[in-house]
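The data block below is target24.csv; it holds CSV, C-alpha atoms.
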```csv
chain,number,residue,atom,x,y,z
A,24,MET,CA,-22.1,-4.7,7.9
A,25,PRO,CA,-23.1,-1.0,8.4
A,26,TYR,CA,-20.2,1.3,9.1
A,27,GLU,CA,-19.8,4.9,10.2
A,28,PRO,CA,-18.7,7.1,7.4
A,29,PRO,CA,-15.3,8.8,7.7
A,30,THR,CA,-15.1,12.4,8.9
A,31,HIS,CA,-12.7,15.3,9.1
A,32,THR,CA,-12.5,15.1,12.9
A,33,VAL,CA,-8.8,14.3,13.0
A,34,GLU,CA,-7.9,16.9,10.4
A,35,ARG,CA,-9.9,19.6,12.2
A,36,SER,CA,-8.0,18.6,15.4
A,37,LEU,CA,-4.6,18.9,13.7
A,38,ARG,CA,-5.6,22.3,12.3
A,39,ALA,CA,-6.7,23.5,15.7
A,40,THR,CA,-3.8,22.2,17.8
A,41,THR,CA,-0.9,22.6,15.4
A,42,GLY,CA,-1.9,25.5,13.1
A,43,ALA,CA,-1.6,23.2,10.1
A,44,ARG,CA,-3.2,24.5,7.0
A,45,THR,CA,-2.5,21.7,4.6
A,46,VAL,CA,-3.1,18.2,5.9
A,47,ALA,CA,-2.5,15.0,3.9
A,48,GLY,CA,-4.0,11.6,4.5
A,49,VAL,CA,-1.6,8.7,3.8
A,50,ASP,CA,-2.3,5.0,3.3
A,51,GLU,CA,-0.4,2.1,1.8
A,52,VAL,CA,-1.3,-1.1,-0.1
A,53,GLY,CA,0.8,-4.1,-0.9
A,54,ARG,CA,2.6,-4.6,2.4
A,55,GLY,CA,1.9,-8.3,2.6
A,56,ALA,CA,2.1,-9.3,-1.1
A,57,TRP,CA,4.7,-11.7,-2.5
A,58,ALA,CA,5.1,-9.8,-5.7
A,59,GLY,CA,4.8,-6.2,-6.8
A,60,PRO,CA,5.6,-2.9,-5.2
A,61,VAL,CA,4.4,-1.4,-2.0
A,62,THR,CA,2.3,1.6,-3.0
A,63,VAL,CA,1.5,4.7,-1.0
A,64,CYS,CA,-1.0,7.5,-1.7
A,65,ALA,CA,-1.0,10.9,-0.1
A,66,ALA,CA,-4.3,12.8,-0.5
A,67,VAL,CA,-5.2,16.3,0.4
A,68,THR,CA,-9.0,16.9,0.6
A,69,GLY,CA,-9.6,20.1,2.5
A,70,LEU,CA,-12.8,20.0,4.5
A,71,ARG,CA,-15.3,19.3,1.7
A,72,ARG,CA,-17.9,16.5,1.7
A,73,PRO,CA,-16.6,13.4,-0.1
A,74,PRO,CA,-18.3,11.3,-2.7
A,75,ALA,CA,-21.0,9.0,-1.4
A,76,GLY,CA,-19.8,5.6,-0.2
A,77,LEU,CA,-16.2,6.5,0.7
A,78,THR,CA,-14.6,4.3,3.3
A,79,ASP,CA,-11.6,2.0,3.7
A,80,SER,CA,-10.9,0.4,0.3
A,81,LYS,CA,-11.0,-3.1,1.8
A,82,LEU,CA,-14.7,-2.6,2.6
A,83,ILE,CA,-15.6,-1.6,-1.0
A,84,SER,CA,-16.2,-4.1,-3.8
A,85,PRO,CA,-13.6,-4.1,-6.6
A,86,LYS,CA,-16.3,-2.8,-9.0
A,87,ARG,CA,-17.2,0.1,-6.8
A,88,ARG,CA,-13.5,0.9,-6.0
A,89,ALA,CA,-12.9,1.1,-9.8
A,90,GLU,CA,-15.8,3.5,-10.1
A,91,LEU,CA,-14.9,5.6,-7.1
A,92,ALA,CA,-11.2,6.1,-7.7
A,93,PRO,CA,-11.5,8.4,-10.7
A,94,LEU,CA,-14.2,10.4,-8.9
A,95,LEU,CA,-11.8,10.8,-6.0
A,96,GLU,CA,-8.9,11.8,-8.1
A,97,ARG,CA,-11.0,14.7,-9.5
A,98,TRP,CA,-12.6,15.5,-6.1
A,99,VAL,CA,-9.4,15.7,-3.9
A,100,THR,CA,-7.5,19.0,-3.8
A,101,ALA,CA,-4.4,17.0,-4.7
A,102,PHE,CA,-2.9,13.5,-4.5
A,103,GLY,CA,0.5,11.9,-5.0
A,104,LEU,CA,1.5,8.3,-5.5
A,105,GLY,CA,4.8,6.6,-4.5
A,106,ASP,CA,6.0,3.1,-5.0
A,107,ALA,CA,8.9,1.1,-3.6
A,108,SER,CA,10.0,-1.7,-5.8
A,109,PRO,CA,10.4,-5.4,-4.8
A,110,GLN,CA,14.2,-4.9,-5.1
A,111,GLU,CA,14.0,-1.9,-2.7
A,112,ILE,CA,11.9,-3.9,-0.3
A,113,ASP,CA,14.5,-6.7,-0.4
A,114,GLU,CA,17.4,-4.3,0.1
A,115,LEU,CA,15.9,-2.0,2.7
A,116,GLY,CA,13.3,-4.0,4.5
A,117,MET,CA,9.6,-3.2,4.6
A,118,THR,CA,9.7,-0.4,7.2
A,119,ALA,CA,12.3,1.6,5.2
A,120,ALA,CA,10.6,0.8,1.9
A,121,LEU,CA,7.3,2.1,3.2
A,122,ARG,CA,9.0,5.3,4.2
A,123,LEU,CA,10.6,5.6,0.8
A,124,ALA,CA,7.2,5.1,-1.0
A,125,ALA,CA,5.5,7.6,1.4
A,126,VAL,CA,8.1,10.3,0.9
A,127,ARG,CA,7.8,9.8,-2.8
A,128,ALA,CA,4.0,10.2,-2.6
A,129,LEU,CA,4.2,13.3,-0.3
A,130,GLU,CA,6.9,14.9,-2.5
A,131,ALA,CA,4.6,14.3,-5.6
A,132,LEU,CA,2.1,16.7,-4.0
A,133,PRO,CA,2.1,20.3,-5.4
A,134,VAL,CA,2.4,21.7,-1.9
A,135,ARG,CA,4.3,20.2,1.0
A,136,PRO,CA,1.7,19.3,3.8
A,137,ASP,CA,2.0,20.9,7.2
A,138,ALA,CA,0.8,17.6,8.8
A,139,VAL,CA,0.2,14.0,7.9
A,140,ILE,CA,-2.5,11.6,9.1
A,141,LEU,CA,-1.0,8.2,8.8
A,142,ASP,CA,-3.1,5.0,8.8
A,143,GLY,CA,-2.1,2.6,11.6
A,144,LYS,CA,-0.3,2.8,14.9
A,145,HIS,CA,3.3,2.9,13.7
A,146,ASP,CA,4.9,6.1,12.4
A,147,TYR,CA,7.1,4.8,9.6
A,148,LEU,CA,7.6,8.4,8.3
A,149,GLY,CA,9.2,10.2,11.2
A,150,GLN,CA,11.0,13.5,11.1
A,151,PRO,CA,10.8,16.0,9.5
A,152,TRP,CA,7.2,15.2,8.9
A,153,GLN,CA,4.6,16.1,11.5
A,154,VAL,CA,2.6,12.9,11.8
A,155,ARG,CA,-0.6,11.9,13.6
A,156,THR,CA,-1.1,8.1,13.5
A,157,VAL,CA,-4.7,6.8,13.5
A,158,ILE,CA,-5.6,3.2,13.9
A,159,LYS,CA,-8.1,2.3,11.2
A,160,GLY,CA,-7.7,5.8,9.9
A,161,ASP,CA,-8.8,4.5,6.5
A,162,GLN,CA,-12.2,4.0,8.0
A,163,SER,CA,-12.5,7.1,10.2
A,164,CYS,CA,-10.6,9.8,8.3
A,165,ILE,CA,-11.8,11.2,4.9
A,166,ALA,CA,-8.4,12.0,3.6
A,167,VAL,CA,-6.9,8.6,4.5
A,168,ALA,CA,-9.9,6.8,3.1
A,169,ALA,CA,-9.5,8.6,-0.2
A,170,ALA,CA,-5.8,7.7,-0.2
A,171,SER,CA,-6.6,4.1,0.5
A,172,VAL,CA,-9.0,3.8,-2.5
A,173,ILE,CA,-6.7,5.6,-4.9
A,174,ALA,CA,-3.6,3.6,-3.8
A,175,LYS,CA,-5.5,0.3,-4.0
A,176,VAL,CA,-6.9,0.9,-7.5
A,177,HIS,CA,-3.6,2.2,-8.8
A,178,ARG,CA,-1.7,-0.9,-7.6
A,179,ASP,CA,-4.4,-3.4,-8.6
A,180,THR,CA,-4.3,-1.9,-12.1
A,181,MET,CA,-0.6,-2.1,-12.3
A,182,MET,CA,-0.6,-5.8,-11.2
A,183,ALA,CA,-3.5,-6.6,-13.6
A,184,GLU,CA,-1.4,-5.2,-16.5
A,185,LEU,CA,1.5,-7.3,-15.4
A,186,GLY,CA,-0.5,-10.5,-15.2
A,187,ALA,CA,-2.5,-9.9,-18.4
A,188,ASP,CA,-3.6,-13.2,-20.2
A,189,SER,CA,-1.3,-12.5,-23.2
A,190,GLY,CA,1.6,-11.4,-21.1
A,191,GLU,CA,4.8,-13.1,-19.9
A,192,TYR,CA,3.5,-13.7,-16.3
A,193,ALA,CA,-0.1,-14.8,-17.1
A,194,GLU,CA,0.4,-18.0,-15.1
A,195,PHE,CA,0.6,-16.0,-11.9
A,196,ALA,CA,-2.8,-14.4,-12.3
A,197,PHE,CA,-1.7,-11.1,-10.9
A,198,GLY,CA,-5.0,-9.6,-12.1
A,199,ALA,CA,-6.9,-11.8,-9.7
A,200,ASN,CA,-4.5,-11.9,-6.7
A,201,ALA,CA,-2.6,-8.6,-7.1
A,202,GLY,CA,0.6,-10.4,-6.0
A,203,TYR,CA,-0.9,-11.6,-2.7
A,204,PRO,CA,-0.9,-15.3,-1.6
A,205,SER,CA,-3.4,-17.5,-3.5
A,206,PRO,CA,-3.4,-21.2,-4.7
A,207,VAL,CA,-2.8,-20.2,-8.3
A,208,HIS,CA,0.0,-17.9,-7.3
A,209,ARG,CA,1.7,-20.6,-5.3
A,210,ALA,CA,1.3,-23.2,-8.1
A,211,ALA,CA,2.9,-20.8,-10.5
A,212,LEU,CA,5.8,-20.2,-8.2
A,213,GLU,CA,6.4,-23.9,-7.7
A,214,GLU,CA,6.4,-24.5,-11.5
A,215,TRP,CA,8.1,-21.4,-12.8
A,216,GLY,CA,9.9,-19.8,-9.8
A,217,PRO,CA,9.8,-16.2,-8.8
A,218,THR,CA,9.7,-13.5,-11.5
A,219,PRO,CA,11.7,-10.2,-11.4
A,220,HIS,CA,8.6,-8.7,-9.7
A,221,HIS,CA,8.8,-11.0,-6.7
A,222,ARG,CA,10.2,-10.2,-3.3
A,223,LEU,CA,13.1,-12.5,-2.9
A,224,SER,CA,13.6,-11.9,0.9
A,225,TRP,CA,10.0,-13.1,1.7
A,226,SER,CA,9.4,-16.2,3.6
A,227,TYR,CA,7.3,-17.9,0.9
A,228,LEU,CA,10.6,-19.1,-0.6
A,229,ASP,CA,11.2,-21.3,2.4
A,230,ALA,CA,8.4,-23.6,1.2
A,231,LEU,CA,9.9,-23.8,-2.3
A,232,PRO,CA,12.9,-26.1,-2.1
A,233,ARG,CA,13.5,-25.9,-5.9
A,234,TRP,CA,13.9,-22.1,-5.7
A,235,GLN,CA,15.3,-21.5,-2.2
A,236,HIS,CA,18.8,-20.7,-3.6
A,237,LEU,CA,17.3,-17.5,-4.9
A,238,LYS,CA,16.3,-16.2,-1.5
A,239,LYS,CA,18.0,-12.9,-0.5
A,240,VAL,CA,19.1,-12.1,3.1
A,241,ARG,CA,17.5,-9.0,4.4
A,242,ILE,CA,20.1,-6.3,4.9
A,243,SER,CA,18.1,-4.6,7.7
A,244,ALA,CA,18.2,-6.8,10.8
A,245,GLU,CA,15.4,-4.8,12.4
A,246,ALA,CA,13.1,-5.4,9.4
A,247,ALA,CA,14.0,-9.1,9.2
A,248,ALA,CA,13.1,-9.4,12.9
A,249,LEU,CA,9.7,-7.8,12.3
A,250,GLU,CA,9.0,-10.1,9.5
A,251,SER,CA,10.0,-13.3,11.3
A,252,GLY,CA,7.8,-12.1,14.2
A,253,GLY,CA,4.8,-12.2,11.9
A,254,GLN,CA,4.2,-8.5,11.6
A,255,LEU,CA,5.2,-8.1,7.9
A,256,GLY,CA,5.7,-11.6,6.4
A,257,PHE,CA,3.4,-14.2,5.1
A,258,ASP,CA,4.0,-18.0,4.9
A,259,PHE,CA,2.2,-20.7,2.9
```

Write-out of the structure in C-alpha cells:
Amino acid sequence: MPYEPPTHTVERSLRATTGARTVAGVDEVGRGAWAGPVTVCAAVTGLRRPPAGLTDSKLISPKRRAELAPLLERWVTAFGLGDASPQEIDELGMTAALRLAAVRALEALPVRPDAVILDGKHDYLGQPWQVRTVIKGDQSCIAVAAASVIAKVHRDTMMAELGADSGEYAEFAFGANAGYPSPVHRAALEEWGPTPHHRLSWSYLDALPRWQHLKKVRISAEAAALESGGQLGFDF
C-alpha cells in the first residue's frame, strides 16, 4: 500500500513551542516477544532530508531494513541504543522495563535532548524528560522512523546470533522469529522448556504444563494488570 513519507512536522512544532534545540525520536521493539530483550533506540536527525524509503520498520522488508539501517546510522546526527533484559522485564514489568531501556538509549546520546518524540500514546518515560507522544510516530516522524529501523535491525541481529544453527538455542529459530510467537518457537518450548533468554512472567507458560513451575510472579501489580488485560501479553 502507498504511504505518506515521514516528515519533520512534529519536531518543528516542538522547536517552535518549547524552544528545544535537540529533539530525539524514540521507538522500541520486542515488547510482545516471548524471548529476548526489549530494545529502544533514540535518534537525533536535525532537519535534514532522510534516505529514500524511510518509514516505520514494520512496513519495510527485512532485506531493505538491513540495507537501510547502516545508512541511517551514518546519516543521523546521533543515535543511542538501550536494552532491558528478560530478567529485568520479569522483575520490573514491561512499562518500567521500557523506561529503563529508553533512559539507557537517551543517556547513550552524546548530548542530552531537550525534547523527546515518543512513538505511541503512552508516555512511559515521564519526568524529567519533556515528551511528546505521537500515535504512529514511526510512520509520521522522521526521527522516530529512523529509531524504529535501527532498533529493529539491532535486535533482530542479536536474536539471529542467539539462534544460529550451530548454537545452543538453534531449535528455537530465533533468527526467523526474533523471539516472537511462532509454531517452531512453541514446539521448542514444549520440548526443551524456556531458555535463560525467555521471559518467565509471560503468559505463554500457562499453556506449557510441563514448565509451569518455572513461571515467575510479576512484582509490579500494575504491569501484571496491563498484561492480563491484553495490552502487553501474548497467549498461544

Open item on the list: Let me make sure I understand: among A:Lys86, A:Arg72, A:Trp57, A:Glu191, which one has the smallest atom-to-atom distance to Ser226 in chain A if we use all atoms listed in the file?
Closed with: A:Trp57

Open item on the list: Just the number, please: distance in Å from CA of Arg97 in chain A to CA of Thr68 in chain A, one decimal.
Closed with: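 One can read the CA of Arg97 in chain A to CA of Thr68 in chain A distance as 10.5 Å.
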
- [ ] Compile the contact shell of Pro93 in chain A as an NGL selection string: residues with an atom at most 12 Å away, counting all atoms listed in the file, same-chain residues fewer than 2 positions apart removed.
- [x] :A and (74 or 87-91 or 95-99 or 102 or 169-170 or 172-174 or 176-177)

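Non-sequential neighbours of Glu130 in chain A (distance at most 8 Å, separation of 4 or more positions within a chain, all atoms listed in the file) are Gly103, Val126 and Arg135 of chain A.
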
- [ ] Using only C-alpha atoms, find all polymer residues with an atom at most 12 Å away from the point (12.4, 1.0, 1.7); report them as a PyMOL selection string.
- [x] chain A and resi 54+60-63+105-127+147-148+241-243+246

Open item on the list: Using only C-alpha atoms and a cutoff of 8 Å, can you tell me which residues are near (-6.0, 4.6, 18.2) in the file's coordinates, and write them out as number ranges by chain?
Closed with: A: 143-144, 156-159

TODO: Name the closest residue to Ala166 in chain A among the candidates A:Glu27, A:Asp50, A:Asp188, A:Asp179; distances are taken between atoms, counting all atoms listed in the file.
DONE: A:Asp50

Please provide the set of residues having any atom within 7 Å of Asp161 in chain A, restricted to all atoms listed in the file, with same-chain residues fewer than 2 positions apart removed, written as a tab-separated table (two decimals) with C-alpha atoms, keeping the file's coordinate frame.
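File written: around10.tsv
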```tsv
chain	number	residue	atom	x	y	z
A	78	THR	CA	-14.60	4.30	3.30
A	79	ASP	CA	-11.60	2.00	3.70
A	142	ASP	CA	-3.10	5.00	8.80
A	159	LYS	CA	-8.10	2.30	11.20
A	163	SER	CA	-12.50	7.10	10.20
A	164	CYS	CA	-10.60	9.80	8.30
A	167	VAL	CA	-6.90	8.60	4.50
A	168	ALA	CA	-9.90	6.80	3.10
A	171	SER	CA	-6.60	4.10	0.50
```

- [ ] Have a look at A:Ala138, A:Leu228, A:Ala201, A:Val207 and name the one nearest to Ala56 in chain A; count only C-alpha atoms.
- [x]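 Nearest candidate to Ala56 in chain A out of A:Ala138, A:Leu228, A:Ala201, A:Val207: A:Ala201.
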
Task: Option closest in space to Leu70 in chain A, from A:Ala187, A:Ile140, A:Val154, A:Ile165 [counting all atoms listed in the file] - done: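 Among the listed residues, the smallest separation from Leu70 in chain A belongs to A:Ile165.
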
- [ ] Could you check how far CA of Ala66 in chain A sits from CA of Met182 in chain A, in Å to one decimal?
- [x]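 Interatomic distance, CA of Ala66 in chain A to CA of Met182 in chain A: 21.8 Å.
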
Task: Between CA of Pro151 in chain A and CA of Val49 in chain A, distance in Å (one decimal) - done: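 It comes out at 15.5 Å.
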
Task: For Phe195 in chain A, the nearest of the candidates A:Val33, A:Ala58, A:Leu132, A:Val67, counting only C-alpha atoms - done: A:Ala58

TODO: Using only C-alpha atoms, pick whichever of A:Asp146, A:Asp229, A:Glu214, A:Glu34 has the shortest atom-to-atom distance to Gly48 in chain A.
DONE: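 Counting only C-alpha atoms, the residue closest to Gly48 in chain A is A:Glu34.
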